[in-house]
$ cat work.cif   # mmCIF, C-alpha atoms
data_coords
loop_
_atom_site.label_atom_id
_atom_site.label_comp_id
_atom_site.auth_asym_id
_atom_site.auth_seq_id
_atom_site.Cartn_x
_atom_site.Cartn_y
_atom_site.Cartn_z
CA MET A 272 -15.56 -7.12 3.35
CA ALA A 273 -15.18 -10.89 3.43
CA SER A 274 -13.40 -12.32 6.46
CA PHE A 275 -10.36 -14.61 6.32
CA ALA A 276 -11.61 -16.60 9.33
CA ILE A 277 -12.49 -20.14 8.25
CA GLU A 278 -15.57 -20.28 10.50
CA ASP A 279 -16.91 -17.15 8.78
CA PHE A 280 -16.15 -18.58 5.34
CA VAL A 281 -17.86 -21.97 5.83
CA GLY A 282 -20.79 -20.40 7.71
CA ASN A 283 -23.67 -22.65 8.71
CA GLY A 284 -23.73 -24.68 5.54
CA SER A 285 -22.59 -28.09 4.35
CA LEU A 286 -18.87 -27.30 4.66
CA GLN A 287 -19.10 -26.91 8.42
CA GLY A 288 -18.74 -30.63 9.14
CA LEU A 289 -15.78 -30.83 6.78
CA VAL A 290 -13.58 -28.44 8.80
CA PRO A 291 -11.66 -31.14 10.77
CA LYS A 292 -10.85 -32.94 7.52
CA LEU A 293 -9.73 -29.69 5.89
CA LEU A 294 -7.36 -29.07 8.79
CA GLU A 295 -5.99 -32.61 8.58
CA GLU A 296 -5.33 -32.30 4.85
CA GLY A 297 -3.69 -28.86 5.05
CA TRP A 298 -6.55 -26.73 3.69
CA ASP A 299 -6.30 -24.56 6.79
CA ASP A 300 -6.66 -20.98 5.56
CA VAL A 301 -9.19 -19.28 3.30
CA PRO A 302 -6.91 -18.20 0.40
CA THR A 303 -5.55 -21.74 0.08
CA LEU A 304 -9.00 -23.33 0.44
CA LYS A 305 -10.26 -21.21 -2.44
CA THR A 306 -7.65 -22.75 -4.76
CA MET A 307 -9.02 -26.28 -4.33
CA ASN A 308 -9.71 -28.08 -7.59
CA ALA A 309 -11.99 -30.93 -8.63
CA ASP A 310 -9.44 -33.68 -7.95
CA ASP A 311 -8.73 -32.25 -4.50
CA MET A 312 -12.45 -32.25 -3.75
CA ASN A 313 -12.75 -35.87 -4.83
CA GLU A 314 -9.84 -36.87 -2.62
CA LEU A 315 -11.75 -35.39 0.30
CA ASN A 316 -14.90 -37.31 -0.77
CA MET A 317 -16.85 -34.08 -0.93
CA THR A 318 -20.49 -34.35 -1.93
CA GLN A 319 -21.80 -32.39 -4.88
CA ARG A 320 -23.56 -30.07 -2.45
CA GLN A 321 -20.27 -29.35 -0.70
CA LYS A 322 -18.53 -28.74 -4.02
CA ASP A 323 -21.24 -26.30 -5.04
CA ALA A 324 -21.04 -24.63 -1.65
CA LEU A 325 -17.30 -24.08 -1.96
CA GLU A 326 -17.65 -22.60 -5.42
CA ILE A 327 -20.49 -20.30 -4.32
CA ARG A 328 -18.66 -19.15 -1.20
CA SER A 329 -15.41 -18.53 -3.06
CA TYR A 330 -17.25 -16.46 -5.66
CA LEU A 331 -19.04 -14.43 -2.97
CA HIS A 332 -15.85 -14.01 -0.94
CA ASN A 333 -14.11 -12.46 -3.94
CA ARG A 334 -16.93 -9.92 -4.21
CA ALA A 335 -17.40 -9.13 -0.51
CA LEU A 336 -20.92 -10.61 -0.58
CA MET A 337 -20.58 -13.28 2.08
CA GLN A 338 -23.71 -12.07 3.89
CA TYR A 339 -25.70 -13.96 1.23
CA ALA A 340 -23.65 -17.17 1.40
CA ASP A 341 -25.85 -19.24 3.72
CA MET A 342 -29.03 -18.29 1.89
CA LEU A 343 -27.66 -18.99 -1.59
CA GLU A 344 -26.20 -22.31 -0.49
CA GLU A 345 -29.52 -23.34 1.08
CA SER A 346 -31.23 -22.77 -2.27
CA GLY A 347 -29.63 -25.99 -3.53
CA LYS A 348 -28.61 -24.31 -6.77
CA SER A 349 -25.12 -24.35 -8.26
CA LEU A 350 -23.25 -21.15 -9.01
CA PRO A 351 -23.99 -21.26 -12.77
CA GLU A 352 -27.70 -21.68 -11.96
CA LEU A 353 -27.64 -18.75 -9.55
CA LEU A 354 -25.95 -16.54 -12.11
CA LYS A 355 -28.76 -17.26 -14.56
CA LEU A 356 -31.36 -15.83 -12.19
CA THR A 357 -32.89 -12.48 -13.06
CA LYS A 358 -32.08 -9.38 -11.05
CA VAL A 359 -35.68 -9.37 -9.83
CA ASP A 360 -35.32 -12.91 -8.46
CA LEU A 361 -32.05 -12.06 -6.71
CA THR A 362 -33.71 -9.08 -5.07
CA THR A 363 -37.09 -10.56 -4.17
CA VAL A 364 -36.14 -14.14 -3.34
CA TYR A 365 -32.73 -13.61 -1.74
CA GLY A 366 -33.06 -10.03 -0.53
CA MET A 367 -29.98 -8.87 -2.43
CA LYS A 368 -29.53 -5.11 -2.61
CA ARG A 369 -29.48 -3.55 -6.04
CA GLY A 370 -25.82 -2.58 -5.86
CA HIS A 371 -24.96 -6.06 -4.62
CA VAL A 372 -26.85 -7.61 -7.52
CA ALA A 373 -24.65 -5.69 -9.93
CA ARG A 374 -21.54 -6.90 -8.12
CA PHE A 375 -22.81 -10.49 -8.03
CA THR A 376 -23.63 -10.63 -11.74
CA ASP A 377 -20.35 -9.01 -12.80
CA ARG A 378 -18.26 -12.05 -13.66
CA THR A 379 -15.16 -10.17 -14.74
CA THR A 380 -13.95 -8.41 -11.60
CA THR A 381 -13.45 -8.98 -7.91
CA SER A 382 -13.87 -6.61 -4.99
CA GLY A 383 -11.31 -3.86 -4.72
CA GLY A 384 -9.23 -1.63 -6.91
CA ASP A 385 -6.48 -4.13 -7.66
CA THR A 386 -8.31 -6.84 -9.48
CA LEU A 387 -7.44 -10.51 -9.26
CA PRO A 388 -9.22 -12.31 -12.09
CA GLU A 389 -11.98 -14.60 -10.91
CA ALA A 390 -10.31 -17.54 -12.55
CA TYR A 391 -7.55 -17.44 -9.99
CA ASN A 392 -10.04 -19.31 -7.84
CA LEU A 393 -11.52 -21.41 -10.61
CA GLN A 394 -10.22 -23.47 -13.51
CA ALA A 395 -6.48 -24.02 -13.87
CA SER A 396 -4.59 -26.76 -15.65
CA ARG A 397 -2.71 -29.11 -13.33
CA ARG A 398 -0.46 -30.24 -16.16
CA THR A 399 0.46 -27.10 -18.06
CA ALA A 400 3.59 -25.27 -17.02
CA LEU A 401 3.39 -21.50 -16.99
CA ARG A 402 4.34 -19.82 -20.25
CA ASN A 403 8.01 -18.98 -20.70
CA GLU A 404 7.15 -15.34 -21.28
CA SER A 405 5.16 -15.24 -18.05
CA LEU A 406 6.57 -13.42 -15.10
CA TYR A 407 5.92 -16.55 -13.10
CA LYS A 408 7.52 -19.12 -15.39
CA ASP A 409 9.35 -20.63 -12.42
CA ILE A 410 6.15 -21.16 -10.44
CA SER A 411 4.42 -24.43 -11.18
CA ALA A 412 1.73 -24.10 -8.53
CA VAL A 413 0.67 -23.47 -4.98
CA THR A 414 1.99 -25.96 -2.43
CA SER A 415 -0.45 -28.39 -0.85
CA ARG A 416 0.11 -30.98 1.84
CA LYS A 417 0.77 -33.81 -0.62
CA GLN A 418 2.35 -32.13 -3.64
CA THR A 419 2.98 -28.85 -5.39
CA MET A 420 0.35 -28.38 -8.01
CA THR A 421 -1.70 -25.75 -9.77
CA ARG A 422 -5.05 -25.80 -7.99
CA SER A 423 -8.46 -25.17 -9.48
CA PHE A 424 -12.12 -25.83 -9.13
CA GLY A 425 -12.10 -27.64 -12.46
CA ARG A 426 -15.46 -26.17 -13.48
CA THR A 427 -15.07 -26.65 -17.21
CA ASN A 428 -18.79 -26.14 -17.74
CA THR A 429 -18.83 -22.56 -16.48
CA ALA A 430 -17.95 -19.27 -18.11
CA TYR A 431 -15.09 -18.82 -15.65
CA ASP A 432 -12.81 -21.42 -17.19
CA VAL A 433 -9.66 -19.30 -17.26
CA SER A 434 -6.35 -20.63 -16.01
CA LEU A 435 -4.36 -19.76 -12.93
CA GLU A 436 -1.54 -19.19 -15.36
CA GLN A 437 -3.44 -16.38 -17.01
CA SER A 438 -4.41 -14.92 -13.66
CA MET A 439 -0.84 -14.80 -12.41
CA ALA A 440 0.33 -13.41 -15.73
CA ASP A 441 -2.20 -10.62 -15.22
CA PHE A 442 0.18 -9.23 -12.62
CA LYS A 443 3.07 -9.08 -15.07
CA ILE A 444 4.54 -5.64 -15.61
CA LYS A 445 2.83 -4.57 -18.82
CA ASP A 446 4.65 -2.99 -21.73
CA GLY A 447 4.95 0.71 -21.20
CA HIS A 448 4.88 0.45 -17.41
CA VAL A 449 7.55 2.61 -15.85
CA PHE A 450 9.10 0.71 -12.96
CA LYS A 451 9.43 3.04 -10.00
CA GLY A 452 12.65 1.54 -8.72
CA ILE A 453 13.75 0.34 -5.34
CA VAL A 454 12.05 3.19 -3.49
CA ALA A 455 8.52 3.70 -4.73
CA SER A 456 5.64 6.00 -3.91
CA MET A 457 2.57 7.27 -5.66
CA PRO A 458 2.77 10.73 -7.25
CA ASP A 459 1.52 13.67 -5.26
CA GLU A 460 -1.18 15.97 -6.60
CA PRO A 461 -1.51 19.67 -5.81
CA ARG A 462 -3.30 20.27 -2.53
CA ALA A 463 -5.42 23.35 -1.87
CA CYS A 464 -4.32 24.96 -5.16
CA GLY A 465 -0.69 24.38 -4.31
CA CYS A 466 -0.87 26.08 -0.92
CA VAL A 467 -0.21 22.81 0.95
CA GLN A 468 3.14 21.11 0.44
CA ALA A 469 3.30 17.37 -0.07
CA THR A 470 5.04 15.02 2.32
CA PRO A 471 8.65 14.68 1.12
CA VAL A 472 9.85 11.14 0.45
CA ILE A 473 13.38 9.79 0.45
CA GLU A 474 15.04 8.76 -2.78
CA ASN A 475 17.28 5.96 -1.52
CA VAL A 476 16.43 2.54 -0.13
CA ALA A 477 16.88 2.28 3.62
CA PRO A 478 20.12 0.60 4.72
CA TYR A 479 19.69 -2.93 5.94
CA SER A 480 21.28 -1.95 9.24
CA SER A 481 18.29 0.29 9.98
CA ILE A 482 15.89 -2.67 10.23
CA GLU A 483 17.86 -5.83 11.08
CA ASN A 484 18.04 -5.18 14.84
CA ILE A 485 14.53 -3.77 15.32
CA SER A 486 12.84 -5.33 18.34
CA VAL A 487 9.39 -6.68 17.46
CA GLN A 488 6.81 -8.63 19.41
CA LYS A 489 4.45 -11.22 17.95
CA LEU A 490 0.80 -10.33 18.59
CA THR A 491 -0.83 -13.05 16.49
CA PRO A 492 0.26 -16.26 14.78
CA GLU A 493 -0.41 -17.02 11.15
CA TYR A 494 -4.09 -17.88 10.94
CA LYS A 495 -5.01 -21.52 10.56
CA ILE A 496 -8.17 -23.42 11.44
CA GLY A 497 -8.44 -23.66 15.20
CA THR A 498 -5.73 -21.13 16.07
CA GLU A 499 -6.26 -18.82 19.01
CA ARG A 500 -7.35 -15.33 18.03
CA LEU A 501 -4.42 -13.78 19.95
CA VAL A 502 -1.16 -15.10 21.31
CA LYS A 503 -2.22 -16.21 24.80
CA SER A 504 1.03 -15.60 26.62
CA LYS A 505 3.02 -12.46 26.03
CA SER A 506 5.63 -13.25 23.41
CA PRO A 507 9.17 -12.13 24.17
CA PRO A 508 10.66 -9.48 21.87
CA MET A 509 12.70 -10.77 18.96
CA LYS A 510 15.06 -9.29 16.40
CA ALA A 511 13.37 -8.48 13.13
CA SER A 512 16.15 -10.24 11.22
CA GLU A 513 14.79 -13.56 12.57
CA LEU A 514 11.72 -13.06 10.39
CA TRP A 515 13.59 -13.35 7.09
CA ARG A 516 16.51 -15.50 8.21
CA ASP A 517 15.47 -18.43 5.99
CA LYS A 518 12.94 -16.97 3.52
CA PRO A 519 12.27 -13.56 1.95
CA ALA A 520 9.54 -11.53 3.60
CA VAL A 521 7.01 -8.86 2.73
CA ILE A 522 6.63 -6.47 5.67
CA VAL A 523 3.49 -4.31 5.58
CA CYS A 524 3.63 -1.31 7.93
CA ILE A 525 0.03 -0.52 8.85
CA ARG A 526 -0.73 3.10 9.68
CA ARG A 527 -3.77 2.23 11.82
CA PRO A 528 -5.54 -1.15 11.90
CA GLY A 529 -8.98 0.46 12.18
CA CYS A 530 -8.41 2.66 9.13
CA ILE A 531 -10.65 1.73 6.21
CA MET A 532 -7.83 2.16 3.68
CA CYS A 533 -5.31 0.19 5.74
CA ARG A 534 -7.78 -2.66 6.13
CA ALA A 535 -8.47 -2.69 2.40
CA GLU A 536 -4.75 -2.80 1.61
CA ALA A 537 -4.13 -5.65 4.04
CA HIS A 538 -7.11 -7.65 2.75
CA GLN A 539 -6.14 -7.29 -0.90
CA LEU A 540 -2.54 -8.32 -0.24
CA TYR A 541 -3.33 -11.31 1.97
CA ALA A 542 -5.90 -12.54 -0.57
CA LYS A 543 -2.89 -13.27 -2.83
CA LYS A 544 -1.30 -15.55 -0.20
CA PRO A 545 -1.20 -18.63 -2.48
CA ILE A 546 0.95 -16.68 -4.95
CA PHE A 547 3.34 -15.61 -2.20
CA ASP A 548 3.42 -19.21 -0.97
CA ALA A 549 4.39 -20.37 -4.46
CA LEU A 550 7.11 -17.72 -4.55
CA GLY A 551 8.41 -18.79 -1.15
CA VAL A 552 7.77 -15.39 0.43
CA GLN A 553 6.37 -14.80 3.92
CA LEU A 554 3.83 -12.13 4.86
CA PHE A 555 3.98 -9.98 8.01
CA ALA A 556 1.98 -6.96 9.16
CA VAL A 557 3.52 -4.44 11.57
CA LEU A 558 1.63 -2.14 13.95
CA HIS A 559 3.09 0.78 15.91
CA GLU A 560 0.37 0.67 18.58
CA GLN A 561 -0.79 -2.27 20.67
CA ILE A 562 -4.52 -1.94 21.25
CA GLU A 563 -5.88 -5.43 21.85
CA ALA A 564 -9.41 -4.67 20.66
CA GLU A 565 -8.04 -3.26 17.42
CA VAL A 566 -5.86 -6.30 16.82
CA LYS A 567 -8.88 -8.57 17.37
CA ASP A 568 -10.91 -6.57 14.84
CA PHE A 569 -8.08 -6.61 12.32
CA TRP A 570 -6.98 -10.29 12.55
CA PRO A 571 -7.98 -12.57 10.91
CA ARG A 572 -10.85 -10.70 9.28
CA TYR A 573 -8.68 -8.39 7.21
CA TRP A 574 -5.29 -10.05 7.58
CA GLY A 575 -4.58 -13.70 8.32
CA GLY A 576 -0.81 -13.49 8.56
CA VAL A 577 1.41 -12.83 11.56
CA VAL A 578 0.92 -9.43 13.19
CA LEU A 579 3.92 -7.79 14.88
CA PHE A 580 4.26 -4.85 17.26
CA ASP A 581 7.04 -2.34 16.60
CA ARG A 582 7.04 -0.37 19.83
CA SER A 583 9.92 1.89 18.82
CA MET A 584 8.40 2.57 15.37
CA GLU A 585 11.77 1.86 13.77
CA PHE A 586 10.24 0.30 10.64
CA TYR A 587 8.23 3.49 10.17
CA LYS A 588 11.23 5.73 10.82
CA SER A 589 13.28 3.77 8.32
CA LEU A 590 10.69 4.51 5.64
CA GLY A 591 11.30 8.21 6.27
CA GLY A 592 15.07 8.06 6.29
CA GLY A 593 15.23 8.07 10.08
CA ASN A 594 12.19 10.23 10.77
CA LEU A 595 8.50 9.41 11.02
CA LEU A 596 6.52 10.49 7.99
CA LYS A 597 3.38 12.23 9.26
CA ASP A 598 0.50 14.17 7.81
CA LYS A 599 -2.48 16.00 9.30
CA PHE A 600 -6.07 15.01 8.59
CA ILE A 601 -6.98 18.33 6.98
CA SER A 602 -3.89 18.80 4.84
CA GLY A 603 -3.22 15.13 4.18
CA PHE A 604 -6.79 14.00 3.53
CA LEU A 605 -9.38 16.73 3.07
CA PHE A 606 -7.11 18.78 0.77
CA ASN A 607 -5.64 15.75 -0.98
CA PRO A 608 -7.65 14.44 -3.95
CA ARG A 609 -5.55 11.27 -4.21
CA ALA A 610 -6.21 10.37 -0.57
CA ILE A 611 -9.93 10.96 -1.08
CA ALA A 612 -9.83 8.68 -4.14
CA ASN A 613 -8.10 6.02 -2.03
CA TYR A 614 -10.83 6.33 0.58
CA LYS A 615 -13.55 5.90 -2.02
CA ARG A 616 -11.80 2.82 -3.38
CA ALA A 617 -11.74 1.23 0.07
CA LYS A 618 -15.34 2.28 0.75
CA SER A 619 -16.50 0.57 -2.44
CA MET A 620 -15.04 -2.69 -1.14
CA GLY A 621 -17.45 -2.72 1.81
CA VAL A 622 -14.75 -2.23 4.45
CA GLU A 623 -15.82 -1.16 7.93
CA GLN A 624 -13.80 1.36 9.90
CA ASN A 625 -13.29 3.06 13.25
CA PHE A 626 -11.27 6.03 14.41
CA ARG A 627 -9.43 4.55 17.37
CA GLY A 628 -5.70 4.99 17.63
CA GLU A 629 -3.06 7.23 16.09
CA GLY A 630 -3.53 7.71 12.36
CA GLU A 631 -1.09 10.37 11.18
CA ILE A 632 2.08 8.23 10.98
CA LYS A 633 2.53 7.03 7.41
CA GLY A 634 3.09 3.36 6.67
CA GLY A 635 4.48 1.46 3.72
CA LEU A 636 5.89 -1.87 2.62
CA TYR A 637 9.26 -3.59 2.52
CA ILE A 638 10.42 -6.64 0.61
CA VAL A 639 13.44 -8.08 2.39
CA GLY A 640 15.68 -10.78 0.95
CA ARG A 641 16.66 -13.93 2.78
CA GLY A 642 19.33 -13.68 5.47
CA LYS A 643 21.42 -10.53 5.33
CA SER A 644 20.88 -9.91 1.64
CA GLY A 645 19.14 -6.60 2.23
CA ILE A 646 16.04 -4.61 1.36
CA ALA A 647 15.00 -5.29 -2.21
CA TYR A 648 12.11 -2.85 -2.35
CA GLN A 649 10.30 -0.35 -0.20
CA PHE A 650 7.09 1.51 -0.83
CA ILE A 651 6.15 4.68 1.01
CA GLU A 652 2.58 5.71 1.79
CA ARG A 653 2.95 9.22 0.46
CA ASN A 654 -0.79 9.84 0.40
CA PHE A 655 -3.17 8.33 2.96
CA GLY A 656 -4.33 5.00 1.55
CA ASP A 657 -1.60 4.47 -1.05
CA TRP A 658 -0.52 0.86 -1.38
CA ALA A 659 2.26 -0.78 -3.34
CA PRO A 660 1.21 -1.93 -6.83
CA HIS A 661 0.91 -5.70 -6.68
CA ALA A 662 2.58 -6.06 -10.07
CA GLU A 663 5.73 -4.48 -8.66
CA VAL A 664 5.57 -6.53 -5.48
CA PHE A 665 5.30 -9.81 -7.40
CA GLU A 666 8.00 -8.70 -9.83
CA ILE A 667 10.48 -8.12 -7.02
CA CYS A 668 9.52 -11.34 -5.21
CA HIS A 669 10.02 -13.26 -8.42
CA GLN A 670 13.41 -11.67 -9.00
CA LEU A 671 14.48 -12.68 -5.51
CA GLN A 672 14.06 -16.27 -6.64
CA ASN A 673 16.49 -15.70 -9.51
CA PRO A 674 18.73 -12.75 -8.63
CA GLN A 675 21.41 -13.69 -11.19
CA GLY A 676 18.94 -13.27 -14.06
CA SER A 677 17.31 -10.16 -12.67
CA GLN A 678 17.12 -7.09 -14.86
CA LEU A 679 16.06 -4.92 -11.95
CA GLU A 680 18.58 -2.96 -9.93
CA LEU A 681 18.40 -5.05 -6.79
CA PRO A 682 20.91 -4.29 -4.04
CA GLN A 683 24.35 -5.71 -4.85
CA SER A 684 24.19 -8.05 -1.87
CA ILE A 685 21.04 -9.65 -3.29
CA GLN A 686 22.46 -9.93 -6.81
CA GLN A 687 25.53 -11.73 -5.49
CA ARG A 688 23.67 -14.04 -3.13
CA ASP A 689 24.13 -17.74 -3.74
#
$ encode --input "work.cif" --output "structure tokens"
Amino acid sequence: MASFAIEDFVGNGSLQGLVPKLLEEGWDDVPTLKTMNADDMNELNMTQRQKDALEIRSYLHNRALMQYADMLEESGKSLPELLKLTKVDLTTVYGMKRGHVARFTDRTTTSGGDTLPEAYNLQASRRTALRNESLYKDISAVTSRKQTMTRSFGRTNTAYDVSLEQSMADFKIKDGHVFKGIVASMPDEPRACGCVQATPVIENVAPYSSIENISVQKLTPEYKIGTERLVKSKSPPMKASELWRDKPAVIVCIRRPGCIMCRAEAHQLYAKKPIFDALGVQLFAVLHEQIEAEVKDFWPRYWGGVVLFDRSMEFYKSLGGGNLLKDKFISGFLFNPRAIANYKRAKSMGVEQNFRGEGEIKGGLYIVGRGKSGIAYQFIERNFGDWAPHAEVFEICHQLQNPQGSQLELPQSIQQRD
């Protein structure tokens, strides 16, 4: 799976010498860099080779094919020219595996089960406001250092000329979708012909009091170019409520950072960082174990946001109504067809894995409103590898921007917030 480390993204190609300038101009993380448009490139005085390199690397990053980035960039061809090559040429000249050729030539999807249209990283109109019927009508763009604008590559001569507006609208709750409510989880399927009972899940959102005073410790900063891989000095514990004091926050409780499904979930969510930035929502990942080697493997390759340590596991207990939600490997995975399907989904994304650390404690996700407004949404990992549907996550985040006009049953404190 493609790494979120800038040095891995730029590789050994023509973008390498541009890194200091990117940092100076605020293009300091991979998801934001991938939203750069033609005007932005011109402002940076990028050469045509660098523009082509950025388009190629963004395309490969979306498809978890970065191992071919240096070679394809060295060819001197543009992305449209590379996509016109035959499968035989891709295999013989560039050593691309057959399955990777199919992924490379598929222009409609990106890596992973929750698809973000390719155009999210390509053409978008800087002038056009999002449609009124769009879920994101209040979002004009992703914020850059100089101005808030809708970013794009501006490649009007390619087949990928679809707007950011359309890409964001792709996450809109479609007609016929049944919203799961404040507390959400995936359905449970019969296990071992009904002989194994599913993990019970709570029906009510956790009280805000159960999370506001949780003591957490910062293990990593938000990834930017040149940041240290880990916080050098031991950070003092802090109250969790400090995280969302000024801005809403998405809190992802990771079951185990070496787990293939947890890594896939984290990667897919952080890849949407520009959308969360536009919505004014922060991203945090929480671990219940502090194993330094595991944190180094996890950040920033699979997650470029802040990583926190919840020693007391209170975030995890809150998901279970005060108790940890746990499942055994045999009953929770081997006898669970949904968990096996989740594993296959992550495996297809090219995610690596290890088996270090505790892996039976279920995770989940919270969306917490600004200040003391409360928990707007929580998702419970009922089956190993379940993750919150991104459409629901974006829907709730959007409603937090406009609680008065919300048609969702947000907590009363959020609806009445100024």
$ closest_residue --input "work.cif" --among "A:Lys518, A:His661, A:Arg328, A:Lys505" --to "Arg641 in chain A" --atoms "only C-alpha atoms"
A:Lys518
$ atom_distance --input "work.cif" --atom1 "CA of Val622 in chain A" --atom2 "CA of Arg534 in chain A"
7.2 Å
$ residues_around --input "work.cif" --residues "Asp299 in chain A" --least-positions-apart "4" --cutoff "12 Å" --atoms "only C-alpha atoms" --output "list in words"
Phe275, Ala276, Ile277, Glu278, Phe280, Val281, Leu289, Val290, Pro291, Lys292, Leu293, Leu294, Glu295, Thr303, Leu304, Lys305, Thr306, Met307, Ser415, Arg416, Glu493, Tyr494, Lys495, Ile496, Gly497, Thr498 and Gly575 of chain A
$ atom_distance --input "work.cif" --atom1 "CA of Gln488 in chain A" --atom2 "CA of Val521 in chain A"
16.7 Å
$ atom_distance --input "work.cif" --atom1 "CA of Asn607 in chain A" --atom2 "CA of Leu595 in chain A"
19.6 Å
$ residues_around --input "work.cif" --residues "range 361-372 of chain A" --least-positions-apart "6" --cutoff "8 Å" --atoms "all atoms listed in the file" --output "list of chain:residue names"
A:Leu336, A:Tyr339, A:Met342, A:Leu343
$ closest_residue --input "work.cif" --among "A:Val557, A:Ala340, A:Ala564, A:Ala273" --to "Ala324 in chain A" --atoms "all atoms listed in the file"
A:Ala340
$ residues_around --input "work.cif" --residues "Lys588 in chain A" --least-positions-apart "3" --cutoff "10 Å" --atoms "all atoms listed in the file" --output "list in words"
Ala477, Ser481, Ile482, Ser583, Met584, Glu585, Gly591, Gly592, Gly593, Asn594, Leu595, Leu596, Ile632, Lys633 and Gly634 of chain A
$ write_last_selection --input "work.cif" --atoms "C-alpha atoms" --output "PDB file, in the frame of the given file"
ATOM      1  CA  ALA A 477      16.880   2.280   3.620  1.00  0.00           C
ATOM      2  CA  SER A 481      18.290   0.290   9.980  1.00  0.00           C
ATOM      3  CA  ILE A 482      15.890  -2.670  10.230  1.00  0.00           C
ATOM      4  CA  SER A 583       9.920   1.890  18.820  1.00  0.00           C
ATOM      5  CA  MET A 584       8.400   2.570  15.370  1.00  0.00           C
ATOM      6  CA  GLU A 585      11.770   1.860  13.770  1.00  0.00           C
ATOM      7  CA  GLY A 591      11.300   8.210   6.270  1.00  0.00           C
ATOM      8  CA  GLY A 592      15.070   8.060   6.290  1.00  0.00           C
ATOM      9  CA  GLY A 593      15.230   8.070  10.080  1.00  0.00           C
ATOM     10  CA  ASN A 594      12.190  10.230  10.770  1.00  0.00           C
ATOM     11  CA  LEU A 595       8.500   9.410  11.020  1.00  0.00           C
ATOM     12  CA  LEU A 596       6.520  10.490   7.990  1.00  0.00           C
ATOM     13  CA  ILE A 632       2.080   8.230  10.980  1.00  0.00           C
ATOM     14  CA  LYS A 633       2.530   7.030   7.410  1.00  0.00           C
ATOM     15  CA  GLY A 634       3.090   3.360   6.670  1.00  0.00           C
TER      16      GLY A 634
END
$ closest_residue --input "work.cif" --among "A:Phe665, A:Ile327, A:Leu490, A:Asp377" --to "Leu353 in chain A" --atoms "only C-alpha atoms"
A:Ile327
$ axis_aligned_box --input "work.cif" --around "range 525-535 of chain A" --padding-each-side "5 Å" --output "lines of an AutoDock Vina configuration file"
center_x = -5.3
center_y = 0.2
center_z = 7.3
size_x = 20.7
size_y = 15.8
size_z = 19.8
$ closest_residue --input "work.cif" --among "A:Ser512, A:Gln670, A:Asn484, A:Asn625" --to "Gly551 in chain A" --atoms "only C-alpha atoms"
A:Gln670
$ resolve_selection --input "work.cif" --expression "the PyMOL selection byres ((chain A and resi 628) around 10)" --output "MDAnalysis selection string"
chainID A and resid 526:530 559:562 565 625:627 629:631
$ write_last_selection --input "work.cif" --atoms "C-alpha atoms" --output "mmCIF file, in the frame of the given file"
data_model
loop_
_atom_site.group_PDB
_atom_site.id
_atom_site.type_symbol
_atom_site.label_atom_id
_atom_site.label_comp_id
_atom_site.auth_asym_id
_atom_site.auth_seq_id
_atom_site.Cartn_x
_atom_site.Cartn_y
_atom_site.Cartn_z
ATOM 1 C CA ARG A 526 -0.730 3.100 9.680
ATOM 2 C CA ARG A 527 -3.770 2.230 11.820
ATOM 3 C CA PRO A 528 -5.540 -1.150 11.900
ATOM 4 C CA GLY A 529 -8.980 0.460 12.180
ATOM 5 C CA CYS A 530 -8.410 2.660 9.130
ATOM 6 C CA HIS A 559 3.090 0.780 15.910
ATOM 7 C CA GLU A 560 0.370 0.670 18.580
ATOM 8 C CA GLN A 561 -0.790 -2.270 20.670
ATOM 9 C CA ILE A 562 -4.520 -1.940 21.250
ATOM 10 C CA GLU A 565 -8.040 -3.260 17.420
ATOM 11 C CA ASN A 625 -13.290 3.060 13.250
ATOM 12 C CA PHE A 626 -11.270 6.030 14.410
ATOM 13 C CA ARG A 627 -9.430 4.550 17.370
ATOM 14 C CA GLU A 629 -3.060 7.230 16.090
ATOM 15 C CA GLY A 630 -3.530 7.710 12.360
ATOM 16 C CA GLU A 631 -1.090 10.370 11.180
#
$ closest_residue --input "work.cif" --among "A:Asp300, A:Asp279, A:Asp360, A:Glu314" --to "Tyr541 in chain A" --atoms "only C-alpha atoms"
A:Asp300
$ resolve_selection --input "work.cif" --expression "the PyMOL selection byres ((chain A and resi 611) around 12)" --output "MDAnalysis selection string"
chainID A and resid 460 462 531:532 600:610 612:618 654:657
$ closest_residue --input "work.cif" --among "A:Phe586, A:Phe555, A:Trp298, A:Trp658" --to "Leu315 in chain A" --atoms "all atoms listed in the file"
A:Trp298
$ resolve_selection --input "work.cif" --expression "the PyMOL selection byres ((chain A and resi 552) around 7)" --output "ChimeraX atom specification"
/A:518-521,547-548,550-551,553-554
